[in-house]
Amino acid sequence: MVGTVAGLAGCALGYSVGSIPVGLWLGHAVRGLDVREHGSGSTGATNVSRVLGPAAGAATFLLDVGKGAVAVEGARALGAGPRGRAAAGLAAVVGHAWPAYAHFRGGKSVATAFGALLMLSPPGAASAVAGGMTALLATQTVSVGSLAAAGSATAGTAAAWAFAAGEGTGDRARRSRAAAFGFTAAATGIILYRHSANLRRLVRGDEPRLPLWGRSRARSRSVTNP
């Protein structure tokens, strides 16, 4: 019973923290504008970088990562078990995508999910970085990198659960790995949904790219945001 109450409190905390629209508030503070009315219309780091500059984009990314980490560790401090902490992290992902403080128009939750995953499963987070960076460098496409990171994280947490990778081999450690996999699978579903427009553009072949190796071949001036 205590664990259930702690888990519910953690979810409330996670959603509240996840709903903080960092990119939106930075836009108001730096330029007096709503970043959702520019570029891709998202509040995440890539769109903020395009609209406000790379420094603001980097700050948005780090703070969005922090939201996911705070949600999980806050739930831990409240006494939540592995499933409660994973649920709190997922609540932060939901909050970032549909923030109560910003009329439910947010970002795509990749950074916030990564922050939660760092606390829940370091092997899964490492898989996300490896898969996401490889795809981004190979394709010069942010959305492909984001989706590859999500898929790699799911595979990484599944492998950690199946092969007992990570700290501990007892029952609690196994439950922690199972909860991390459940979180990652659910978060990946949300990330895929939030990238629906990107997926349609990828099918059409007109998803914009980043000019990592020279001039971009993008056919659009906007870059979608994680």
# chains A, B, ... in the order shown; residues from 1 in each chain; ligands from 1

call {"tool": "closest_atom_pairs", "arguments": {"of": "range 66-122 of chain A", "to": "range 184-193 of chain A", "cutoff": "12 Å", "atoms": "only C-alpha atoms", "output": "Markdown table"}}
result
| residue | atom | partner | partner_atom | distance |
| --- | --- | --- | --- | --- |
| A:Gly68 | CA | A:Ala187 | CA | 11.5 |
| A:Ala86 | CA | A:Thr184 | CA | 8.8 |
| A:Ala87 | CA | A:Ala186 | CA | 9.8 |
| A:Ala88 | CA | A:Ala187 | CA | 11.6 |
| A:Gly89 | CA | A:Ala187 | CA | 9.0 |
| A:Leu90 | CA | A:Ala187 | CA | 6.4 |
| A:Ala91 | CA | A:Ala187 | CA | 9.5 |
| A:Ala92 | CA | A:Ala187 | CA | 10.0 |
| A:Val93 | CA | A:Ala187 | CA | 6.9 |
| A:Val94 | CA | A:Ile190 | CA | 7.8 |
| A:Gly95 | CA | A:Ile190 | CA | 11.3 |
| A:His96 | CA | A:Ile190 | CA | 10.8 |
| A:Ala97 | CA | A:Ile190 | CA | 8.4 |
| A:Trp98 | CA | A:Ile190 | CA | 10.8 |
| A:Gly107 | CA | A:Ile191 | CA | 9.6 |
| A:Lys108 | CA | A:Ile191 | CA | 6.0 |
| A:Ser109 | CA | A:Ile191 | CA | 6.4 |
| A:Val110 | CA | A:Ile191 | CA | 6.7 |
| A:Ala111 | CA | A:Ile191 | CA | 10.4 |
| A:Thr112 | CA | A:Ala187 | CA | 9.8 |
| A:Ala113 | CA | A:Ala187 | CA | 6.7 |
| A:Phe114 | CA | A:Thr184 | CA | 9.3 |
| A:Gly115 | CA | A:Thr184 | CA | 11.6 |
| A:Ala116 | CA | A:Thr184 | CA | 9.4 |
| A:Leu117 | CA | A:Thr184 | CA | 7.5 |
| A:Leu118 | CA | A:Thr184 | CA | 11.1 |
| A:Leu120 | CA | A:Thr184 | CA | 9.5 |
| A:Ser121 | CA | A:Thr184 | CA | 9.5 |

call {"tool": "residues_around", "arguments": {"residues": "range 80-82 of chain A", "least_positions_apart": "5", "cutoff": "6 Å", "atoms": "only C-alpha atoms", "output": "MDAnalysis selection string"}}
result
chainID A and resid 3 6:7 75 176

call {"tool": "write_last_selection", "arguments": {"atoms": "N, CA and C atoms", "output": "mmCIF file, in the first residue's frame"}}
result
data_model
loop_
_atom_site.group_PDB
_atom_site.id
_atom_site.type_symbol
_atom_site.label_atom_id
_atom_site.label_comp_id
_atom_site.auth_asym_id
_atom_site.auth_seq_id
_atom_site.Cartn_x
_atom_site.Cartn_y
_atom_site.Cartn_z
ATOM 1 N N GLY A 3 3.935 1.496 -0.996
ATOM 2 C CA GLY A 3 4.606 1.596 -2.288
ATOM 3 C C GLY A 3 3.690 2.132 -3.371
ATOM 4 N N ALA A 6 3.321 5.853 -2.843
ATOM 5 C CA ALA A 6 4.564 6.507 -3.251
ATOM 6 C C ALA A 6 4.676 6.551 -4.770
ATOM 7 N N GLY A 7 4.263 5.461 -5.431
ATOM 8 C CA GLY A 7 4.304 5.439 -6.889
ATOM 9 C C GLY A 7 3.366 6.461 -7.501
ATOM 10 N N ALA A 75 10.730 10.192 -7.331
ATOM 11 C CA ALA A 75 9.912 9.038 -6.948
ATOM 12 C C ALA A 75 10.676 8.123 -6.001
ATOM 13 N N SER A 176 13.875 -4.269 -11.215
ATOM 14 C CA SER A 176 14.318 -2.965 -11.722
ATOM 15 C C SER A 176 14.568 -3.017 -13.220
#

call {"tool": "closest_residue", "arguments": {"among": "A:Ala158, A:Ala45, A:Ala12, A:Leu78", "to": "Leu63 in chain A", "atoms": "only C-alpha atoms"}}
result
A:Ala45

call {"tool": "select_by_dssp", "arguments": {"residues": "range 59-190 of chain A", "states": "helix (DSSP H, G or I)", "output": "VMD selection string"}}
result
chain A and resid 59 to 77 82 to 97 100 to 102 110 to 120 122 to 139 142 to 163 171 to 190

call {"tool": "residues_around", "arguments": {"residues": "Arg83 in chain A", "least_positions_apart": "6", "cutoff": "9 Å", "atoms": "only C-alpha atoms", "output": "ChimeraX atom specification"}}
result
/A:7,175-176,178-180,182-183

call {"tool": "write_last_selection", "arguments": {"atoms": "C-alpha atoms", "output": "PDB file, in the first residue's frame"}}
result
ATOM      1  CA  GLY A   7       4.304   5.439  -6.889  1.00  0.00           C
ATOM      2  CA  ARG A 175      12.379  -6.161 -11.092  1.00  0.00           C
ATOM      3  CA  SER A 176      14.318  -2.965 -11.722  1.00  0.00           C
ATOM      4  CA  ALA A 178      11.957  -5.376 -16.009  1.00  0.00           C
ATOM      5  CA  ALA A 179      10.544  -1.978 -15.021  1.00  0.00           C
ATOM      6  CA  ALA A 180      13.189  -0.206 -17.098  1.00  0.00           C
ATOM      7  CA  GLY A 182       8.543  -1.524 -19.581  1.00  0.00           C
ATOM      8  CA  PHE A 183       9.320   2.191 -19.316  1.00  0.00           C
TER       9      PHE A 183
END

call {"tool": "closest_residue", "arguments": {"among": "A:Val22, A:His38, A:Thr4, A:Gly84", "to": "Ala58 in chain A", "atoms": "only C-alpha atoms"}}
result
A:Val22

call {"tool": "atom_distance", "arguments": {"atom1": "CA of Arg50 in chain A", "atom2": "CA of Thr141 in chain A"}}
result
14.3 Å

call {"tool": "closest_residue", "arguments": {"among": "A:Ser49, A:Val35, A:Thr157, A:Val72", "to": "Arg174 in chain A", "atoms": "only C-alpha atoms"}}
result
A:Thr157

call {"tool": "residues_around", "arguments": {"residues": "Ala102 in chain A", "least_positions_apart": "3", "cutoff": "9 Å", "atoms": "only C-alpha atoms", "output": "ChimeraX atom specification"}}
result
/A:19-21,24,98-99,105-106

call {"tool": "closest_residue", "arguments": {"among": "A:Val17, A:Ser143, A:Gly132, A:Ala69", "to": "Arg194 in chain A", "atoms": "only C-alpha atoms"}}
result
A:Ser143

call {"tool": "closest_residue", "arguments": {"among": "A:Ala150, A:Val142, A:Ala77, A:Ala126", "to": "Asn47 in chain A", "atoms": "only C-alpha atoms"}}
result
A:Val142

call {"tool": "residues_around", "arguments": {"residues": "Gly151 in chain A", "least_positions_apart": "2", "cutoff": "9 Å", "atoms": "only C-alpha atoms", "output": "PyMOL selection string"}}
result
chain A and resi 128+131-132+146-149+153-156+184-185+188

call {"tool": "write_last_selection", "arguments": {"atoms": "C-alpha atoms", "output": "PDB file, in the first residue's frame"}}
result
ATOM      1  CA  ALA A 128      20.381   4.860 -26.909  1.00  0.00           C
ATOM      2  CA  GLY A 131      22.252   3.841 -31.765  1.00  0.00           C
ATOM      3  CA  GLY A 132      21.088   7.428 -31.959  1.00  0.00           C
ATOM      4  CA  SER A 146      15.857  10.123 -32.316  1.00  0.00           C
ATOM      5  CA  LEU A 147      13.893   7.089 -33.464  1.00  0.00           C
ATOM      6  CA  ALA A 148      17.035   4.968 -33.634  1.00  0.00           C
ATOM      7  CA  ALA A 149      17.912   6.036 -30.092  1.00  0.00           C
ATOM      8  CA  ALA A 153      17.172   1.843 -25.853  1.00  0.00           C
ATOM      9  CA  THR A 154      14.344  -0.680 -26.031  1.00  0.00           C
ATOM     10  CA  ALA A 155      16.719  -3.335 -27.337  1.00  0.00           C
ATOM     11  CA  GLY A 156      19.308  -2.439 -24.706  1.00  0.00           C
ATOM     12  CA  THR A 184      11.413   2.173 -22.471  1.00  0.00           C
ATOM     13  CA  ALA A 185       8.862   0.253 -24.521  1.00  0.00           C
ATOM     14  CA  THR A 188       9.234   4.500 -27.427  1.00  0.00           C
TER      15      THR A 188
END

call {"tool": "closest_residue", "arguments": {"among": "A:Ala138, A:Arg177, A:Val144, A:Ala56", "to": "Arg201 in chain A", "atoms": "only C-alpha atoms"}}
result
A:Val144
